[in-house]
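A.B. asks: The following file, work_2.cif, comprises mmCIF, C-alpha atoms:
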```
data_model
loop_
_atom_site.group_PDB
_atom_site.id
_atom_site.type_symbol
_atom_site.label_atom_id
_atom_site.label_comp_id
_atom_site.auth_asym_id
_atom_site.auth_seq_id
_atom_site.Cartn_x
_atom_site.Cartn_y
_atom_site.Cartn_z
ATOM 1 C CA MET A 1 -21.191 -50.497 -16.547
ATOM 2 C CA GLY A 2 -21.829 -46.999 -17.954
ATOM 3 C CA GLU A 3 -19.151 -44.528 -18.863
ATOM 4 C CA SER A 4 -17.824 -42.184 -16.203
ATOM 5 C CA PRO A 5 -18.429 -38.416 -16.302
ATOM 6 C CA GLU A 6 -14.782 -37.888 -17.296
ATOM 7 C CA GLN A 7 -15.130 -40.231 -20.271
ATOM 8 C CA ILE A 8 -18.298 -38.460 -21.432
ATOM 9 C CA LYS A 9 -16.574 -35.089 -21.085
ATOM 10 C CA ARG A 10 -13.818 -36.379 -23.367
ATOM 11 C CA HIS A 11 -16.471 -37.424 -25.892
ATOM 12 C CA ILE A 12 -17.987 -33.929 -25.809
ATOM 13 C CA ALA A 13 -14.569 -32.307 -26.270
ATOM 14 C CA ALA A 14 -13.660 -34.634 -29.147
ATOM 15 C CA LEU A 15 -16.960 -34.044 -30.955
ATOM 16 C CA SER A 16 -16.843 -30.273 -30.404
ATOM 17 C CA ASN A 17 -13.286 -30.133 -31.755
ATOM 18 C CA PHE A 18 -14.246 -32.225 -34.781
ATOM 19 C CA GLU A 19 -17.244 -29.995 -35.503
ATOM 20 C CA THR A 20 -15.055 -26.884 -35.523
ATOM 21 C CA THR A 21 -12.305 -28.231 -37.794
ATOM 22 C CA TYR A 22 -14.685 -30.066 -40.123
ATOM 23 C CA ARG A 23 -17.014 -27.084 -40.506
ATOM 24 C CA GLU A 24 -14.050 -24.875 -41.423
ATOM 25 C CA PHE A 25 -12.989 -27.431 -44.015
ATOM 26 C CA VAL A 26 -16.470 -27.802 -45.545
ATOM 27 C CA ASP A 27 -16.940 -24.019 -45.669
ATOM 28 C CA ALA A 28 -13.582 -23.599 -47.407
ATOM 29 C CA LEU A 29 -14.420 -26.387 -49.864
ATOM 30 C CA GLU A 30 -17.793 -24.824 -50.633
ATOM 31 C CA LYS A 31 -16.159 -21.438 -51.206
ATOM 32 C CA TYR A 32 -13.675 -22.983 -53.610
ATOM 33 C CA ARG A 33 -16.428 -24.756 -55.539
ATOM 34 C CA SER A 34 -18.546 -21.621 -55.824
ATOM 35 C CA ASN A 35 -15.931 -19.081 -56.918
ATOM 36 C CA GLY A 36 -12.594 -20.906 -57.151
ATOM 37 C CA GLU A 37 -11.181 -19.125 -54.106
ATOM 38 C CA LYS A 38 -8.620 -21.192 -52.206
ATOM 39 C CA THR A 39 -8.444 -20.842 -48.454
ATOM 40 C CA TRP A 40 -5.274 -22.901 -48.017
ATOM 41 C CA SER A 41 -2.330 -24.065 -50.052
ATOM 42 C CA GLU A 42 -2.248 -27.654 -51.322
ATOM 43 C CA ASP A 43 -0.005 -28.701 -48.410
ATOM 44 C CA GLU A 44 -2.270 -27.022 -45.840
ATOM 45 C CA TYR A 45 -5.320 -28.589 -47.438
ATOM 46 C CA GLU A 46 -3.777 -32.057 -47.247
ATOM 47 C CA ALA A 47 -2.613 -31.546 -43.636
ATOM 48 C CA ARG A 48 -6.131 -30.532 -42.578
ATOM 49 C CA ARG A 49 -7.628 -33.431 -44.466
ATOM 50 C CA ARG A 50 -5.358 -35.895 -42.668
ATOM 51 C CA GLN A 51 -6.138 -34.342 -39.289
ATOM 52 C CA ILE A 52 -9.889 -34.559 -39.930
ATOM 53 C CA LEU A 53 -9.565 -38.254 -40.775
ATOM 54 C CA LYS A 54 -7.743 -38.822 -37.473
ATOM 55 C CA ASP A 55 -10.242 -36.748 -35.466
ATOM 56 C CA ALA A 56 -13.153 -38.583 -37.115
ATOM 57 C CA VAL A 57 -12.229 -41.787 -35.291
ATOM 58 C CA ARG A 58 -12.779 -40.236 -31.856
ATOM 59 C CA ALA A 59 -15.745 -38.233 -33.130
ATOM 60 C CA GLN A 60 -17.505 -41.413 -34.275
ATOM 61 C CA LYS A 61 -17.087 -42.989 -30.830
ATOM 62 C CA ALA A 62 -18.576 -39.827 -29.325
ATOM 63 C CA MET A 63 -21.484 -39.887 -31.789
ATOM 64 C CA GLU A 64 -22.244 -43.505 -30.931
ATOM 65 C CA ALA A 65 -22.032 -42.751 -27.202
ATOM 66 C CA SER A 66 -24.518 -39.882 -27.561
ATOM 67 C CA GLY A 67 -27.412 -42.283 -28.178
ATOM 68 C CA VAL A 68 -28.795 -39.921 -30.839
ATOM 69 C CA GLY A 69 -27.599 -41.867 -33.860
ATOM 70 C CA THR A 70 -25.154 -41.267 -36.702
ATOM 71 C CA VAL A 71 -25.284 -40.525 -40.420
ATOM 72 C CA ALA A 72 -25.070 -43.562 -42.694
ATOM 73 C CA LEU A 73 -25.344 -44.243 -46.406
ATOM 74 C CA ARG A 74 -27.518 -47.088 -47.669
ATOM 75 C CA TYR A 75 -26.767 -48.362 -51.135
ATOM 76 C CA PRO A 76 -29.170 -50.169 -53.493
ATOM 77 C CA ASN A 77 -27.601 -53.503 -52.625
ATOM 78 C CA ARG A 78 -28.496 -52.758 -48.981
ATOM 79 C CA TYR A 79 -24.881 -52.216 -48.059
ATOM 80 C CA GLU A 80 -24.701 -49.516 -45.432
ATOM 81 C CA GLU A 81 -21.677 -47.354 -44.761
ATOM 82 C CA GLY A 82 -21.709 -45.795 -41.322
ATOM 83 C CA SER A 83 -18.022 -45.177 -40.713
ATOM 84 C CA LEU A 84 -17.448 -41.475 -40.188
ATOM 85 C CA PRO A 85 -13.848 -41.518 -41.559
ATOM 86 C CA ALA A 86 -15.243 -43.093 -44.746
ATOM 87 C CA LEU A 87 -18.053 -40.529 -45.037
ATOM 88 C CA VAL A 88 -16.393 -37.190 -44.298
ATOM 89 C CA PHE A 89 -14.887 -37.008 -47.801
ATOM 90 C CA HIS A 90 -17.467 -39.088 -49.631
ATOM 91 C CA PHE A 91 -18.724 -37.183 -52.670
ATOM 92 C CA SER A 92 -21.200 -38.827 -55.019
ATOM 93 C CA GLY A 93 -23.154 -37.887 -58.117
ATOM 94 C CA ARG A 94 -22.265 -36.307 -61.416
ATOM 95 C CA ARG A 95 -21.988 -32.910 -59.792
ATOM 96 C CA PRO A 96 -20.937 -33.888 -56.312
ATOM 97 C CA GLY A 97 -22.294 -31.578 -53.674
ATOM 98 C CA LEU A 98 -21.750 -31.280 -49.950
ATOM 99 C CA SER A 99 -25.160 -32.447 -48.768
ATOM 100 C CA LEU A 100 -23.732 -35.455 -46.920
ATOM 101 C CA GLN A 101 -21.099 -33.314 -45.239
ATOM 102 C CA ARG A 102 -23.780 -30.816 -44.162
ATOM 103 C CA ARG A 103 -25.915 -33.653 -42.791
ATOM 104 C CA ILE A 104 -22.973 -34.807 -40.691
ATOM 105 C CA LEU A 105 -22.472 -31.294 -39.350
ATOM 106 C CA ASP A 106 -26.194 -30.752 -38.757
ATOM 107 C CA MET A 107 -26.421 -33.817 -36.495
ATOM 108 C CA ILE A 108 -23.493 -32.866 -34.265
ATOM 109 C CA PRO A 109 -25.356 -30.331 -32.048
ATOM 110 C CA SER A 110 -27.989 -32.983 -31.232
ATOM 111 C CA GLN A 111 -25.276 -35.537 -30.536
ATOM 112 C CA ILE A 112 -23.500 -33.125 -28.190
ATOM 113 C CA ALA A 113 -26.836 -32.487 -26.436
ATOM 114 C CA GLY A 114 -27.285 -36.242 -26.057
ATOM 115 C CA LEU A 115 -23.844 -36.499 -24.474
ATOM 116 C CA GLU A 116 -24.644 -33.635 -22.113
ATOM 117 C CA VAL A 117 -27.766 -35.479 -20.956
ATOM 118 C CA ARG A 118 -25.699 -38.603 -20.403
ATOM 119 C CA LEU A 119 -23.146 -36.524 -18.484
ATOM 120 C CA GLU A 120 -25.827 -35.213 -16.122
ATOM 121 C CA GLU A 121 -27.109 -38.746 -15.538
ATOM 122 C CA ALA A 122 -23.585 -40.067 -14.920
ATOM 123 C CA GLU A 123 -22.818 -37.241 -12.469
ATOM 124 C CA ASP A 124 -26.084 -37.876 -10.603
ATOM 125 C CA ALA A 125 -25.314 -41.595 -10.440
ATOM 126 C CA GLU A 126 -21.786 -40.884 -9.209
ATOM 127 C CA GLU A 127 -23.085 -38.503 -6.536
ATOM 128 C CA GLU A 128 -25.685 -41.056 -5.430
ATOM 129 C CA ALA A 129 -23.005 -43.751 -5.265
ATOM 130 C CA GLY A 130 -20.811 -41.403 -3.224
ATOM 131 C CA LEU A 131 -23.625 -40.690 -0.763
ATOM 132 C CA ARG A 132 -24.377 -44.395 -0.501
ATOM 133 C CA LEU A 133 -20.717 -45.138 0.165
ATOM 134 C CA PHE A 134 -20.605 -42.378 2.793
ATOM 135 C CA GLY A 135 -23.647 -43.877 4.474
ATOM 136 C CA GLU A 136 -22.063 -47.319 4.519
ATOM 137 C CA VAL A 137 -18.783 -45.969 5.916
ATOM 138 C CA PHE A 138 -20.655 -43.976 8.575
ATOM 139 C CA GLU A 139 -22.712 -47.025 9.540
ATOM 140 C CA GLN A 140 -19.589 -49.184 9.832
ATOM 141 C CA SER A 141 -17.864 -46.491 11.874
ATOM 142 C CA GLN A 142 -20.867 -46.235 14.189
ATOM 143 C CA GLN A 143 -20.939 -50.011 14.567
ATOM 144 C CA ARG A 144 -17.245 -50.096 15.496
ATOM 145 C CA HIS A 145 -17.841 -47.288 18.004
ATOM 146 C CA ASP A 146 -20.768 -49.158 19.586
ATOM 147 C CA GLU A 147 -18.727 -52.364 19.816
ATOM 148 C CA ALA A 148 -15.810 -50.528 21.434
ATOM 149 C CA GLN A 149 -18.188 -48.846 23.878
ATOM 150 C CA GLN A 150 -19.703 -52.228 24.773
ATOM 151 C CA ARG A 151 -16.242 -53.706 25.375
ATOM 152 C CA ARG A 152 -15.348 -50.766 27.646
ATOM 153 C CA GLU A 153 -18.567 -51.223 29.620
ATOM 154 C CA GLU A 154 -17.924 -54.937 29.961
ATOM 155 C CA ARG A 155 -14.392 -54.294 31.235
ATOM 156 C CA THR A 156 -15.726 -51.713 33.709
ATOM 157 C CA GLU A 157 -18.353 -54.151 35.018
ATOM 158 C CA LYS A 158 -15.734 -56.890 35.330
ATOM 159 C CA VAL A 159 -13.418 -54.642 37.358
ATOM 160 C CA ALA A 160 -16.327 -53.545 39.556
ATOM 161 C CA ASP A 161 -17.357 -57.169 40.184
ATOM 162 C CA GLN A 162 -13.783 -58.097 41.041
ATOM 163 C CA GLN A 163 -13.474 -55.242 43.544
ATOM 164 C CA SER A 164 -16.804 -56.170 45.139
ATOM 165 C CA THR A 165 -15.656 -59.789 45.505
ATOM 166 C CA GLU A 166 -12.388 -58.749 47.125
ATOM 167 C CA GLU A 167 -14.233 -56.529 49.616
ATOM 168 C CA ASP A 168 -16.513 -59.430 50.645
ATOM 169 C CA ASP A 169 -13.609 -61.882 51.044
ATOM 170 C CA PRO A 170 -11.948 -61.533 54.498
ATOM 171 C CA GLU A 171 -8.782 -63.134 53.269
ATOM 172 C CA SER A 172 -8.418 -60.467 50.638
ATOM 173 C CA ARG A 173 -8.587 -57.634 53.241
ATOM 174 C CA PRO A 174 -5.497 -56.053 54.828
ATOM 175 C CA LEU A 175 -4.597 -57.465 58.291
ATOM 176 C CA TRP A 176 -5.622 -54.315 60.097
ATOM 177 C CA GLU A 177 -9.112 -54.578 58.562
ATOM 178 C CA ASN A 178 -9.613 -58.212 59.675
ATOM 179 C CA PRO A 179 -11.971 -58.168 62.722
ATOM 180 C CA TRP A 180 -10.338 -61.243 64.291
ATOM 181 C CA ILE A 181 -6.907 -59.694 64.151
ATOM 182 C CA VAL A 182 -8.253 -56.450 65.551
ATOM 183 C CA GLY A 183 -10.046 -58.314 68.347
ATOM 184 C CA VAL A 184 -6.950 -60.283 69.367
ATOM 185 C CA GLY A 185 -4.855 -57.156 69.258
ATOM 186 C CA VAL A 186 -7.262 -55.250 71.450
ATOM 187 C CA THR A 187 -7.386 -58.160 73.949
ATOM 188 C CA VAL A 188 -3.609 -58.430 74.144
ATOM 189 C CA ILE A 189 -3.096 -54.724 74.508
ATOM 190 C CA GLY A 190 -5.934 -54.434 77.051
ATOM 191 C CA GLY A 191 -4.578 -57.371 79.131
ATOM 192 C CA GLY A 192 -1.134 -55.827 79.183
ATOM 193 C CA ILE A 193 -2.496 -52.530 80.442
ATOM 194 C CA LEU A 194 -4.487 -54.263 83.219
ATOM 195 C CA ALA A 195 -1.449 -56.283 84.298
ATOM 196 C CA LEU A 196 0.594 -53.084 84.499
ATOM 197 C CA ILE A 197 -2.049 -51.370 86.620
ATOM 198 C CA ALA A 198 -2.254 -54.376 88.976
ATOM 199 C CA ALA A 199 1.520 -54.381 89.425
ATOM 200 C CA LEU A 200 1.537 -50.710 90.291
ATOM 201 C CA VAL A 201 -1.282 -51.099 92.806
ATOM 202 C CA SER A 202 0.283 -54.113 94.518
ATOM 203 C CA GLY A 203 3.644 -52.477 94.649
#
```
Please render this file's structure as C-alpha cells.
C.D. replies:
Amino acid sequence: MGESPEQIKRHIAALSNFETTYREFVDALEKYRSNGEKTWSEDEYEARRRQILKDAVRAQKAMEASGVGTVALRYPNRYEEGSLPALVFHFSGRRPGLSLQRRILDMIPSQIAGLEVRLEEAEDAEEEAGLRLFGEVFEQSQQRHDEAQQRREERTEKVADQQSTEEDDPESRPLWENPWIVGVGVTVIGGGILALIAALVSG
C-alpha cells in the first residue's frame, strides 16, 4: 500500500528543512575554508552539526521515497556507502573539498519534485477512492430505500386484500348490513303494522 498524502507532505517538509539547515552549514564551512571567517562559535558549530545528523535520518527516508535516487559513494573494493548521516560530513582527499556535500544539495530539488509528483498521485488516488466509496454508500442506501418501499407496498396490498375479503364475507359484516337480518326485520315490522291496522278496522 502506498504512502498517504499526509506522509508524503511530511517527507517534503523534512527534506526542505534539511536542505535549508545543511546548505547554511556548507556555505559557512566553505567561507571558513576560503578566508578563515567563522560564522558560529565552536559550541554553535557542534550544535548545528548534531542537529544535521539527526535531520539526515528523516531526510534520507524522504529521498528514498522520492523515487529519484540518492547520492552514494562507491569504493574500489565495491563497497558502497549510501547512508546520508554517514555522507553529510564525509571529506576525502588530501585537500578535502565540499564536492560531495554540493552533490547532496544539488539532488534535493529533484527529490522534492519527485515527492510532489507522488503527492499529486496519492491525492488523486485518495479522491478516486472517496468517490468510489461515496458511490458504494449511495448504492447501498438506494437499495435499502427500494427494499423498504417494497415492504410498504406489500403491507399495503396485504391490508387491501384483507379488507376485500372481509367485505365479501357475510359473517364479517355488521348485523344491520346482513340482508337476511334486514329481511326478517322488515317482515316483522311490516306484519306488526298490518296487525295494528286490522285491529283498528275491526274495532
A.B. asks: List as JSON, numbers by chain the protein and nucleic acid residues near Val26 (chain A), meaning an atom at most 9 Å away when all atoms listed in the file are counted, but skip any in the same chain fewer than 5 places from it.
C.D. replies: {"A": [21, 31, 98, 101, 102]}
A.B. asks: Closest to Val57 (chain A) among A:Val88, A:Val137, A:Ala122, A:Leu29, using only C-alpha atoms?
C.D. replies: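 Result for the nearest residue to Val57 (chain A): A:Val88.
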A.B. asks: Can you measure CA of Ile112 (chain A) to CA of Arg58 (chain A) for me? One decimal in Å is fine.
C.D. replies: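 Computing the Euclidean distance for CA of Ile112 (chain A) and CA of Arg58 (chain A) yields 13.4 Å.
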A.B. asks: Which residues come within 10 Å of Thr39 (chain A), counting only C-alpha atoms, excluding same-chain residues fewer than 4 positions away, as a list in words?
C.D. replies: Glu24, Phe25, Asp27, Ala28, Leu29, Lys31, Tyr32, Glu44 and Tyr45 of chain A
A.B. asks: May I have the residues within 12 Å of Met107 (chain A) as a PDB file with C-alpha atoms, in the frame of the given file, using all atoms listed in the file and disregarding those fewer than 2 positions away in the same chain?
C.D. replies:
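Result went into result_20.pdb, see below:
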```pdb
ATOM      1  CA  LEU A  15     -16.960 -34.044 -30.955  1.00  0.00           C
ATOM      2  CA  SER A  16     -16.843 -30.273 -30.404  1.00  0.00           C
ATOM      3  CA  GLU A  19     -17.244 -29.995 -35.503  1.00  0.00           C
ATOM      4  CA  GLN A  60     -17.505 -41.413 -34.275  1.00  0.00           C
ATOM      5  CA  MET A  63     -21.484 -39.887 -31.789  1.00  0.00           C
ATOM      6  CA  GLU A  64     -22.244 -43.505 -30.931  1.00  0.00           C
ATOM      7  CA  SER A  66     -24.518 -39.882 -27.561  1.00  0.00           C
ATOM      8  CA  GLY A  67     -27.412 -42.283 -28.178  1.00  0.00           C
ATOM      9  CA  VAL A  68     -28.795 -39.921 -30.839  1.00  0.00           C
ATOM     10  CA  GLY A  69     -27.599 -41.867 -33.860  1.00  0.00           C
ATOM     11  CA  THR A  70     -25.154 -41.267 -36.702  1.00  0.00           C
ATOM     12  CA  VAL A  71     -25.284 -40.525 -40.420  1.00  0.00           C
ATOM     13  CA  ALA A  72     -25.070 -43.562 -42.694  1.00  0.00           C
ATOM     14  CA  LEU A 100     -23.732 -35.455 -46.920  1.00  0.00           C
ATOM     15  CA  GLN A 101     -21.099 -33.314 -45.239  1.00  0.00           C
ATOM     16  CA  ARG A 102     -23.780 -30.816 -44.162  1.00  0.00           C
ATOM     17  CA  ARG A 103     -25.915 -33.653 -42.791  1.00  0.00           C
ATOM     18  CA  ILE A 104     -22.973 -34.807 -40.691  1.00  0.00           C
ATOM     19  CA  LEU A 105     -22.472 -31.294 -39.350  1.00  0.00           C
ATOM     20  CA  PRO A 109     -25.356 -30.331 -32.048  1.00  0.00           C
ATOM     21  CA  SER A 110     -27.989 -32.983 -31.232  1.00  0.00           C
ATOM     22  CA  GLN A 111     -25.276 -35.537 -30.536  1.00  0.00           C
ATOM     23  CA  ILE A 112     -23.500 -33.125 -28.190  1.00  0.00           C
ATOM     24  CA  ALA A 113     -26.836 -32.487 -26.436  1.00  0.00           C
ATOM     25  CA  GLY A 114     -27.285 -36.242 -26.057  1.00  0.00           C
TER      26      GLY A 114
END
```
